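Following: one structure in structure tokens, then a few remarks.
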Amino acid sequence: MKRLTAFLLVIISVFLLCSCGQSEKEEFLLDFDDMDTEKIDYDGYTFNVWSNNLDGDNEALFSYVPGTLASDLLLQRIRDIEKEFNCKLNIQTDGTGRLTNVEPILLSGSYVGDVMFMSSPAKKIRAGLLYPLDGLQNYLDYNDSIKYGGYGFLEEGLYNSVPYTVAPVRWPGKQGQTSFGVFAINENLIMRYGLNDPRDYLENGVWNWEMFEKCLPEFRIDDGTVQTKSVNITWSLIDLCLMNGVNYYEIQPDGTVEPALDSEQLKEALDFCSRVFTQYADCVSFLGHDAMLGPFKNNEIVMTQTAVNHIIRFLSYDMDNYGIVPMPCGPHGTYGEWVNAHSENDCFGIFYNTNDPEASARIIDRFCDPFDGYETDEALMSFMSSIFFDDRDVALLMELNKHVRWQYWPIGAIDSFFSNATSLTQHGKPASEIIEKYSGAAVQSIIKHVIPNVEFIENYKNSHDE
């Protein structure tokens, strides 16, 4: 009965969305190309902007908690856009975490809106539901790395070498994408038991595989009252492997791009994990995100792999002290270049059947401007200081975004390969066996999905270097 009720609610929701979408479409007859760009007048047009509902709060605007400083800044931005462009912004959600309920309406060809804000847009891009941005650079310059982040952020919205989304990386709090490239540290346990803080190792330039292994037996606490695991591997080994110089691809001397899931750096990383996870089996747990949260908060885990985004959403309101360090640097990694592979990040896109793509692009571009008072990195770091307890954590947070890249979830098999590797290294399987049995599908995904995007990015870099 519960399943039937839930199914009926979804059908009703889609029906209402479809009715609403078809009835609210406005005629949009202005020719904005001929307008003075210094003073844009959209003549009171209502832009329908759809936002996902990632945390189940229908009052949250673009995932900002209502009543917070960031939410207030966003509300002011909405008012500014409406005033500057003489338009209305109708911000709405379909109640789902991925704007799932608008998909069948868009697939039917019906108008839903103009602009979307969500994470993980790959499915909609592949279905042809978003408008390509490559012809809109006069209105929205997706190559502006200061405003929209580096190529790792652009990569999430690239499909067959065409960009479809941009990330609001200059908004306060949006510096933390969903990348499991950090360990959250339970600082209460560190202080209570006089343990060496991994942040000190990081600061002293020795946060490497050797020091990580040294921490495992030291962080195993069992005093009759408190029992801990030293570390929890929450997601996959991809970020730890990247910190040993691993990449999905290799650029050849002649400029061609080839898959690289058989590199010596990858073999070394997987063999290291197999040895450490079996040798220190009593120190390591492999709980998923939801299962990990309780034990970490309850002082049962000293370090846990997680995402900065998840620290903000799931830990910051419940813990009175925590810290972060990146994945430790392997012998073939570059210390200080903290590479991490994000699975998803908040982004803006344009629905394929918007009334006017250029106007929607201008709206997104204005949305993504830094908020007043938060134009500098120092201001963003000051904002994040209210979430983190140590300036070292905030400084690391800003560094993490410099070398971020997308790990192509949920398209392709790259994520599956590293997830399998995580499970198999837990049981001591050697790298050669893991790569031989499970890399085939991932290599095909790299050829199909990754290489065209890498070629697009490299060509753009080369053309601008000249």
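Scheme for the structure tokens: letters A, B, ... for chains in order shown; per-chain residue numbers from 1; ligand numbers from 1 in order shown.
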
Compile a residue-level contact table for stretch 176-204 of chain A against stretch 306-325 of chain A at a cut-off of 8 Å, reporting for every qualifying residue the shortest atom pair and its distance in Å to one decimal, with only C-alpha atoms counted, rows ordered by chain and ascending number, as a tab-separated table.
```
residue	atom	partner	partner_atom	distance
A:Gly176	CA	A:Asn309	CA	4.8
A:Gln177	CA	A:Asn309	CA	5.3
A:Thr178	CA	A:Ala307	CA	5.2
A:Ser179	CA	A:Ala307	CA	4.9
A:Phe180	CA	A:Ala307	CA	4.4
A:Gly181	CA	A:Ala307	CA	6.5
A:Val182	CA	A:Val325	CA	5.5
A:Phe183	CA	A:Val325	CA	5.4
A:Ala184	CA	A:Ile324	CA	4.6
A:Ile185	CA	A:Gly323	CA	4.9
A:Asn186	CA	A:Tyr322	CA	5.0
A:Glu187	CA	A:Tyr322	CA	4.9
A:Asn188	CA	A:Asn321	CA	6.3
A:Pro198	CA	A:Val325	CA	6.9
A:Arg199	CA	A:Val325	CA	6.1
A:Leu202	CA	A:Val325	CA	7.1
```

Go ahead and dump the residues you just picked, C-alpha atoms, as a PDB file, in the first residue's frame.
```pdb
ATOM      1  CA  GLY A 176      33.126  22.264  -1.286  1.00  0.00           C
ATOM      2  CA  GLN A 177      32.029  19.916  -4.048  1.00  0.00           C
ATOM      3  CA  THR A 178      30.985  16.312  -3.462  1.00  0.00           C
ATOM      4  CA  SER A 179      34.445  14.791  -3.685  1.00  0.00           C
ATOM      5  CA  PHE A 180      35.577  12.166  -1.206  1.00  0.00           C
ATOM      6  CA  GLY A 181      39.127  13.505  -1.420  1.00  0.00           C
ATOM      7  CA  VAL A 182      39.479  14.437   2.250  1.00  0.00           C
ATOM      8  CA  PHE A 183      39.601  12.715   5.598  1.00  0.00           C
ATOM      9  CA  ALA A 184      37.494  14.354   8.275  1.00  0.00           C
ATOM     10  CA  ILE A 185      39.291  14.111  11.623  1.00  0.00           C
ATOM     11  CA  ASN A 186      37.504  13.679  14.926  1.00  0.00           C
ATOM     12  CA  GLU A 187      39.476  16.317  16.817  1.00  0.00           C
ATOM     13  CA  ASN A 188      37.755  15.441  20.083  1.00  0.00           C
ATOM     14  CA  PRO A 198      47.320  14.590  10.825  1.00  0.00           C
ATOM     15  CA  ARG A 199      46.982  18.328  10.128  1.00  0.00           C
ATOM     16  CA  LEU A 202      50.246  18.028   6.479  1.00  0.00           C
TER      17      LEU A 202
END
```

*Assign secondary structure with DSSP using the backbone only, and return the residues of stretch 277-429 of chain A in strand (DSSP E) as a ChimeraX atom specification.*
/A:284-285,301-306,322-326,340-344,347-350,404-406

Close residues, stretch 211-219 of chain A itself excluded, 10 Å, only C-alpha atoms, min 6 positions apart in chain, as a PDB file with C-alpha atoms, in the first residue's frame:
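File written: selection.pdb
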```
ATOM      1  CA  LEU A 189      39.460  12.046  20.005  1.00  0.00           C
ATOM      2  CA  ILE A 190      42.758  13.562  18.903  1.00  0.00           C
ATOM      3  CA  TYR A 193      43.897  10.767  23.777  1.00  0.00           C
ATOM      4  CA  LEU A 195      47.120  11.619  19.348  1.00  0.00           C
ATOM      5  CA  ASN A 196      49.254  13.237  16.686  1.00  0.00           C
ATOM      6  CA  ASP A 197      47.041  15.458  14.549  1.00  0.00           C
ATOM      7  CA  PRO A 198      47.320  14.590  10.825  1.00  0.00           C
ATOM      8  CA  TYR A 201      51.848  16.190   9.403  1.00  0.00           C
ATOM      9  CA  LEU A 202      50.246  18.028   6.479  1.00  0.00           C
ATOM     10  CA  THR A 228      37.559   3.103  17.570  1.00  0.00           C
ATOM     11  CA  LYS A 229      38.470   2.317  14.042  1.00  0.00           C
ATOM     12  CA  SER A 230      41.449   4.377  12.915  1.00  0.00           C
ATOM     13  CA  VAL A 231      40.049   5.208   9.500  1.00  0.00           C
ATOM     14  CA  PHE A 272      49.722  -0.369  -1.263  1.00  0.00           C
ATOM     15  CA  CYS A 273      46.042  -0.391  -0.305  1.00  0.00           C
ATOM     16  CA  VAL A 276      47.680  -1.864   4.351  1.00  0.00           C
ATOM     17  CA  PHE A 277      44.000  -2.864   4.476  1.00  0.00           C
ATOM     18  CA  TYR A 280      45.719  -3.384   9.641  1.00  0.00           C
ATOM     19  CA  ALA A 281      42.313  -4.965   9.133  1.00  0.00           C
ATOM     20  CA  ASP A 282      41.278  -4.269  12.733  1.00  0.00           C
ATOM     21  CA  CYS A 283      41.987  -0.536  12.213  1.00  0.00           C
ATOM     22  CA  VAL A 284      40.050   0.045   8.999  1.00  0.00           C
ATOM     23  CA  ILE A 301      36.073   6.521  14.145  1.00  0.00           C
ATOM     24  CA  VAL A 302      39.099   8.834  14.246  1.00  0.00           C
ATOM     25  CA  MET A 303      39.338   9.633  10.526  1.00  0.00           C
ATOM     26  CA  MET A 327      44.369  11.968   0.814  1.00  0.00           C
ATOM     27  CA  PRO A 328      48.048  11.340   1.663  1.00  0.00           C
ATOM     28  CA  CYS A 329      50.596  11.855  -1.097  1.00  0.00           C
TER      29      CYS A 329
END
```

*Which residues come within 7 Å of stretch 364-381 of chain A, counting only C-alpha atoms, excluding same-chain residues fewer than 6 positions away, as a list in words?*
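The filter keeps Leu73, Arg77, Leu140, Pro168, Arg170, Trp171, Pro172, Phe348 and Val394 of chain A.
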
Could you write out the selected residues, including N, CA and C atoms, as a PDB file, in the first residue's frame?
```
ATOM      1  N   LEU A  73      21.980  36.471   1.284  1.00  0.00           N
ATOM      2  CA  LEU A  73      22.729  37.033   0.153  1.00  0.00           C
ATOM      3  C   LEU A  73      22.115  36.602  -1.170  1.00  0.00           C
ATOM      4  N   ARG A  77      20.446  38.781  -4.214  1.00  0.00           N
ATOM      5  CA  ARG A  77      20.837  38.638  -5.611  1.00  0.00           C
ATOM      6  C   ARG A  77      19.608  38.510  -6.510  1.00  0.00           C
ATOM      7  N   LEU A 140      27.632  34.318 -21.597  1.00  0.00           N
ATOM      8  CA  LEU A 140      28.056  33.509 -20.457  1.00  0.00           C
ATOM      9  C   LEU A 140      29.371  32.834 -20.845  1.00  0.00           C
ATOM     10  N   PRO A 168      28.673  27.808  -9.753  1.00  0.00           N
ATOM     11  CA  PRO A 168      28.784  29.091  -9.039  1.00  0.00           C
ATOM     12  C   PRO A 168      29.860  29.033  -7.959  1.00  0.00           C
ATOM     13  N   ARG A 170      32.057  31.010  -6.928  1.00  0.00           N
ATOM     14  CA  ARG A 170      32.365  32.204  -6.143  1.00  0.00           C
ATOM     15  C   ARG A 170      31.317  32.486  -5.079  1.00  0.00           C
ATOM     16  N   TRP A 171      30.305  31.655  -4.998  1.00  0.00           N
ATOM     17  CA  TRP A 171      29.321  31.813  -3.932  1.00  0.00           C
ATOM     18  C   TRP A 171      29.899  31.270  -2.626  1.00  0.00           C
ATOM     19  N   PRO A 172      29.676  31.947  -1.524  1.00  0.00           N
ATOM     20  CA  PRO A 172      30.195  31.444  -0.237  1.00  0.00           C
ATOM     21  C   PRO A 172      29.596  30.084   0.118  1.00  0.00           C
ATOM     22  N   PHE A 348      24.563  25.433 -12.827  1.00  0.00           N
ATOM     23  CA  PHE A 348      23.452  26.029 -13.562  1.00  0.00           C
ATOM     24  C   PHE A 348      23.459  25.523 -14.996  1.00  0.00           C
ATOM     25  N   VAL A 394      40.554  25.819   6.405  1.00  0.00           N
ATOM     26  CA  VAL A 394      39.988  26.750   5.427  1.00  0.00           C
ATOM     27  C   VAL A 394      40.963  26.965   4.276  1.00  0.00           C
TER      28      VAL A 394
END
```

*Pick out the residues sitting within 9 Å of A:Asp134, and hand them over as a ChimeraX atom specification; count only C-alpha atoms, and ignore anything fewer than 6 positions along from it in its own chain.*
/A:141-142,162-164

What would the file look like if the residues just selected were written as a compact mmCIF listing (two decimals), in the first residue's frame with C-alpha atoms?
```txt
# COMPACT_ATOMS: atom_id res chain seq x y z
CA ASP A 141 31.78 32.85 -20.73
CA TYR A 142 32.14 29.33 -19.36
CA VAL A 162 30.19 20.55 -25.76
CA PRO A 163 29.68 22.43 -22.43
CA TYR A 164 26.20 22.53 -20.89
```

*Identify, with DSSP run on backbone atoms, the residues in stretch 70-232 of chain A assigned to helix (DSSP H, G or I), and express the list as an MDAnalysis selection string.*
chainID A and resid 70:85 100:107 122:126 145:148 151:156 187:192 198:203 209:218

*What lies within 12 Å of A:Thr354 using only C-alpha atoms, ignoring chain neighbours under 5 positions off, as a list in words?*
Gly21, Lys25, Glu26, Glu27, Phe28, Thr46, Phe47, Asn48, Val49, Leu106, Gly109, Ser110, Tyr111, Val112, Gly113, Asp114, Val115, Met116, Leu129, Leu130, Tyr131, Pro132, Gly349, Ala359, Ser360 and Ala361 of chain A

Preceding selection exported with C-alpha atoms as a PDB file, in the first residue's frame:
```
ATOM      1  CA  GLY A  21       4.524  24.199 -17.045  1.00  0.00           C
ATOM      2  CA  LYS A  25       4.702  29.815 -20.617  1.00  0.00           C
ATOM      3  CA  GLU A  26       4.870  33.434 -21.716  1.00  0.00           C
ATOM      4  CA  GLU A  27       5.367  34.903 -25.145  1.00  0.00           C
ATOM      5  CA  PHE A  28       8.916  36.174 -25.456  1.00  0.00           C
ATOM      6  CA  THR A  46       9.022  35.819 -15.704  1.00  0.00           C
ATOM      7  CA  PHE A  47      11.969  33.433 -15.847  1.00  0.00           C
ATOM      8  CA  ASN A  48      11.040  30.056 -14.399  1.00  0.00           C
ATOM      9  CA  VAL A  49      14.064  28.768 -12.473  1.00  0.00           C
ATOM     10  CA  LEU A 106      10.742  17.958 -20.903  1.00  0.00           C
ATOM     11  CA  GLY A 109       8.503  18.567 -25.518  1.00  0.00           C
ATOM     12  CA  SER A 110       6.524  20.685 -23.062  1.00  0.00           C
ATOM     13  CA  TYR A 111       7.931  23.879 -21.620  1.00  0.00           C
ATOM     14  CA  VAL A 112       8.997  23.633 -17.967  1.00  0.00           C
ATOM     15  CA  GLY A 113      11.167  26.672 -17.503  1.00  0.00           C
ATOM     16  CA  ASP A 114      14.277  28.505 -18.535  1.00  0.00           C
ATOM     17  CA  VAL A 115      17.039  27.841 -16.028  1.00  0.00           C
ATOM     18  CA  MET A 116      17.874  24.854 -13.849  1.00  0.00           C
ATOM     19  CA  LEU A 129      17.272  18.271 -22.067  1.00  0.00           C
ATOM     20  CA  LEU A 130      19.816  21.084 -21.658  1.00  0.00           C
ATOM     21  CA  TYR A 131      20.832  23.782 -24.109  1.00  0.00           C
ATOM     22  CA  PRO A 132      24.488  23.816 -25.279  1.00  0.00           C
ATOM     23  CA  GLY A 349      22.124  25.024 -16.976  1.00  0.00           C
ATOM     24  CA  ALA A 359      18.408  35.827 -22.019  1.00  0.00           C
ATOM     25  CA  SER A 360      18.660  32.723 -19.828  1.00  0.00           C
ATOM     26  CA  ALA A 361      22.449  32.779 -20.227  1.00  0.00           C
TER      27      ALA A 361
END
```

*Residue nearest A:Lys39 - candidates A:Ile81, A:Glu203, A:Leu74, A:Gly440, atoms counted: only C-alpha atoms*: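 Smallest distance to A:Lys39 is found for A:Ile81.
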
_Under the rule that only C-alpha atoms are counted, which of A:Asn52, A:Thr68, A:Gln444, A:Asn462 is the nearest residue to A:Pro259?_
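Between A:Asn52, A:Thr68, A:Gln444, A:Asn462, the residue approaching A:Pro259 most closely is A:Gln444.
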